[in-house]
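**Q** Got a structure for you, input-v5.cif, holding mmCIF, C-alpha atoms, pLDDT in the B column; chains and numbers go by the auth columns.
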```
data_work
#
loop_
_atom_site.group_PDB
_atom_site.id
_atom_site.type_symbol
_atom_site.label_atom_id
_atom_site.label_comp_id
_atom_site.label_asym_id
_atom_site.label_seq_id
_atom_site.Cartn_x
_atom_site.Cartn_y
_atom_site.Cartn_z
_atom_site.B_iso_or_equiv
_atom_site.auth_seq_id
_atom_site.auth_asym_id
ATOM 1 C CA GLN A 1 -11.447 39.269 -16.482 86.00 16 B
ATOM 2 C CA TRP A 2 -9.697 41.665 -18.821 92.00 17 B
ATOM 3 C CA LYS A 3 -10.685 44.640 -16.681 92.00 18 B
ATOM 4 C CA VAL A 4 -9.266 43.006 -13.556 91.00 19 B
ATOM 5 C CA LEU A 5 -6.072 42.127 -15.411 93.00 20 B
ATOM 6 C CA ALA A 6 -5.747 45.708 -16.671 94.00 21 B
ATOM 7 C CA VAL A 7 -6.144 47.111 -13.137 93.00 22 B
ATOM 8 C CA PHE A 8 -3.628 44.564 -11.817 93.00 23 B
ATOM 9 C CA VAL A 9 -1.052 45.496 -14.460 95.00 24 B
ATOM 10 C CA GLY A 10 -1.695 49.184 -13.795 93.00 25 B
ATOM 11 C CA VAL A 11 -1.038 48.754 -10.070 92.00 26 B
ATOM 12 C CA ILE A 12 2.161 46.833 -10.782 93.00 27 B
ATOM 13 C CA LEU A 13 3.329 49.593 -13.131 93.00 28 B
ATOM 14 C CA LEU A 14 2.582 52.172 -10.430 91.00 29 B
ATOM 15 C CA TRP A 15 4.653 50.140 -7.955 89.00 30 B
ATOM 16 C CA PHE A 16 7.590 49.896 -10.332 91.00 31 B
ATOM 17 C CA THR A 17 7.545 53.605 -11.135 91.00 32 B
ATOM 18 C CA GLU A 18 7.216 54.770 -7.531 85.00 33 B
ATOM 19 C CA GLU A 19 10.302 56.993 -7.696 86.00 34 B
ATOM 20 C CA TYR A 20 8.896 58.881 -10.714 90.00 35 B
ATOM 21 C CA HIS A 21 5.462 59.815 -9.392 88.00 36 B
ATOM 22 C CA GLY A 22 6.104 59.729 -5.622 86.00 37 B
ATOM 23 C CA LEU A 23 3.105 57.580 -4.632 83.00 38 B
ATOM 24 C CA GLU A 24 3.904 54.995 -1.977 84.00 39 B
ATOM 25 C CA ALA A 25 3.202 51.317 -2.624 82.00 40 B
ATOM 26 C CA GLY A 26 0.263 51.273 -0.216 82.00 41 B
ATOM 27 C CA LEU A 27 -1.457 54.117 -2.039 86.00 42 B
ATOM 28 C CA CYS A 28 -0.898 52.375 -5.365 87.00 43 B
ATOM 29 C CA GLY A 29 -2.565 49.231 -4.020 86.00 44 B
ATOM 30 C CA LEU A 30 -5.423 51.235 -2.543 88.00 45 B
ATOM 31 C CA ALA A 31 -5.910 52.976 -5.880 89.00 46 B
ATOM 32 C CA GLY A 32 -6.346 49.553 -7.490 90.00 47 B
ATOM 33 C CA VAL A 33 -9.035 48.624 -4.962 87.00 48 B
ATOM 34 C CA VAL A 34 -10.818 51.924 -5.561 90.00 49 B
ATOM 35 C CA VAL A 35 -10.739 51.375 -9.330 92.00 50 B
ATOM 36 C CA LEU A 36 -12.078 47.830 -8.937 90.00 51 B
ATOM 37 C CA GLY A 37 -14.900 49.152 -6.747 86.00 52 B
ATOM 38 C CA THR A 38 -15.651 51.971 -9.180 90.00 53 B
ATOM 39 C CA LEU A 39 -15.915 49.541 -12.083 91.00 54 B
ATOM 40 C CA ASN A 40 -18.292 47.367 -9.993 88.00 55 B
ATOM 41 C CA LEU A 41 -15.867 44.440 -10.119 88.00 56 B
ATOM 42 C CA LEU A 42 -15.918 44.164 -6.312 84.00 57 B
ATOM 43 C CA ASP A 43 -19.184 43.935 -4.423 81.00 58 B
ATOM 44 C CA ARG A 44 -20.182 43.444 -0.788 82.00 59 B
ATOM 45 C CA GLU A 45 -20.256 39.670 -1.111 85.00 60 B
ATOM 46 C CA THR A 46 -16.658 39.646 -2.324 82.00 61 B
ATOM 47 C CA PHE A 47 -15.566 41.731 0.667 79.00 62 B
ATOM 48 C CA ARG A 48 -17.293 39.264 3.023 86.00 63 B
ATOM 49 C CA HIS A 49 -15.135 36.414 1.712 88.00 64 B
ATOM 50 C CA ILE A 50 -11.828 38.203 2.340 84.00 65 B
ATOM 51 C CA SER A 51 -9.836 36.897 5.300 88.00 66 B
ATOM 52 C CA TRP A 52 -9.463 40.239 7.065 85.00 67 B
ATOM 53 C CA GLU A 53 -7.595 38.666 9.988 91.00 68 B
ATOM 54 C CA SER A 54 -4.883 37.402 7.656 91.00 69 B
ATOM 55 C CA LEU A 55 -4.564 40.794 5.986 85.00 70 B
ATOM 56 C CA LEU A 56 -4.232 42.519 9.364 90.00 71 B
ATOM 57 C CA VAL A 57 -1.542 40.071 10.492 93.00 72 B
ATOM 58 C CA PHE A 58 0.335 40.544 7.214 89.00 73 B
ATOM 59 C CA GLY A 59 0.040 44.335 7.414 85.00 74 B
ATOM 60 C CA GLY A 60 1.164 44.297 11.040 90.00 75 B
ATOM 61 C CA GLY A 61 4.218 42.278 10.057 91.00 76 B
ATOM 62 C CA LEU A 62 5.092 44.789 7.357 86.00 77 B
ATOM 63 C CA CYS A 63 4.767 47.663 9.851 89.00 78 B
ATOM 64 C CA LEU A 64 6.980 45.862 12.345 93.00 79 B
ATOM 65 C CA GLY A 65 9.550 45.233 9.632 91.00 80 B
ATOM 66 C CA ASP A 66 9.578 48.920 8.720 87.00 81 B
ATOM 67 C CA ALA A 67 9.949 49.838 12.385 92.00 82 B
ATOM 68 C CA LEU A 68 12.928 47.507 12.763 94.00 83 B
ATOM 69 C CA VAL A 69 14.604 48.967 9.683 92.00 84 B
ATOM 70 C CA ALA A 70 14.057 52.505 10.975 91.00 85 B
#
```
Please rewrite the model in this file as structure tokens.
**A**
Amino acid sequence: QWKVLAVFVGVILLWFTEEYHGLEAGLCGLAGVVVLGTLNLLDRETFRHISWESLLVFGGGLCLGDALVA
């Protein structure tokens, strides 16, 4: 649990300091997933329980929002 909390806090710190290091928020989040996979905190069974449809709808909404702003 402490490892997951440390990765979570690290990702949040990366998000808050985006203007300093230049990584976009999506890359910061992806880095957190990669770290969780590297530390063997996420396995195949965990990925099977994720609602991928909901994530795709949410991501599509974010892309549409960005397109409207642009």
**Q** Starting from the PyMOL selection byres ((chain B and resi 18) around 12), expand the selection into actual residues of this file and give them as a list in words.
**A**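 This file, filtered by the PyMOL selection byres ((chain B and resi 18) around 12), leaves Gln16, Trp17, Val19, Leu20, Ala21, Val22, Phe23, Val24, Gly25, Gly47, Val50, Leu51, Gly52, Thr53, Leu54, Asn55, Leu56 and Leu57 of chain B.
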**Q** Interatomic distance between atom CA of B:Leu70 and atom CA of B:Glu34?
**A**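 Distance reported for this atom pair: 25.9 Å.
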**Q** Would you mind reading off the distance between atom CA of B:Cys43 and atom CA of B:Val26, one decimal, in Å?
**A** 5.9 Å
**Q** Report, in Å with one decimal, the straight-line distance from atom CA of B:Cys78 to atom CA of B:Arg63.
**A**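 Here the two named atoms are 24.6 Å from each other.
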**Q** Pick out the residues sitting within 9 Å of B:Gly41, and hand them over as a PyMOL selection string; count only C-alpha atoms, and ignore anything fewer than 4 positions along from it in its own chain.
**A** chain B and resi 30+45-46
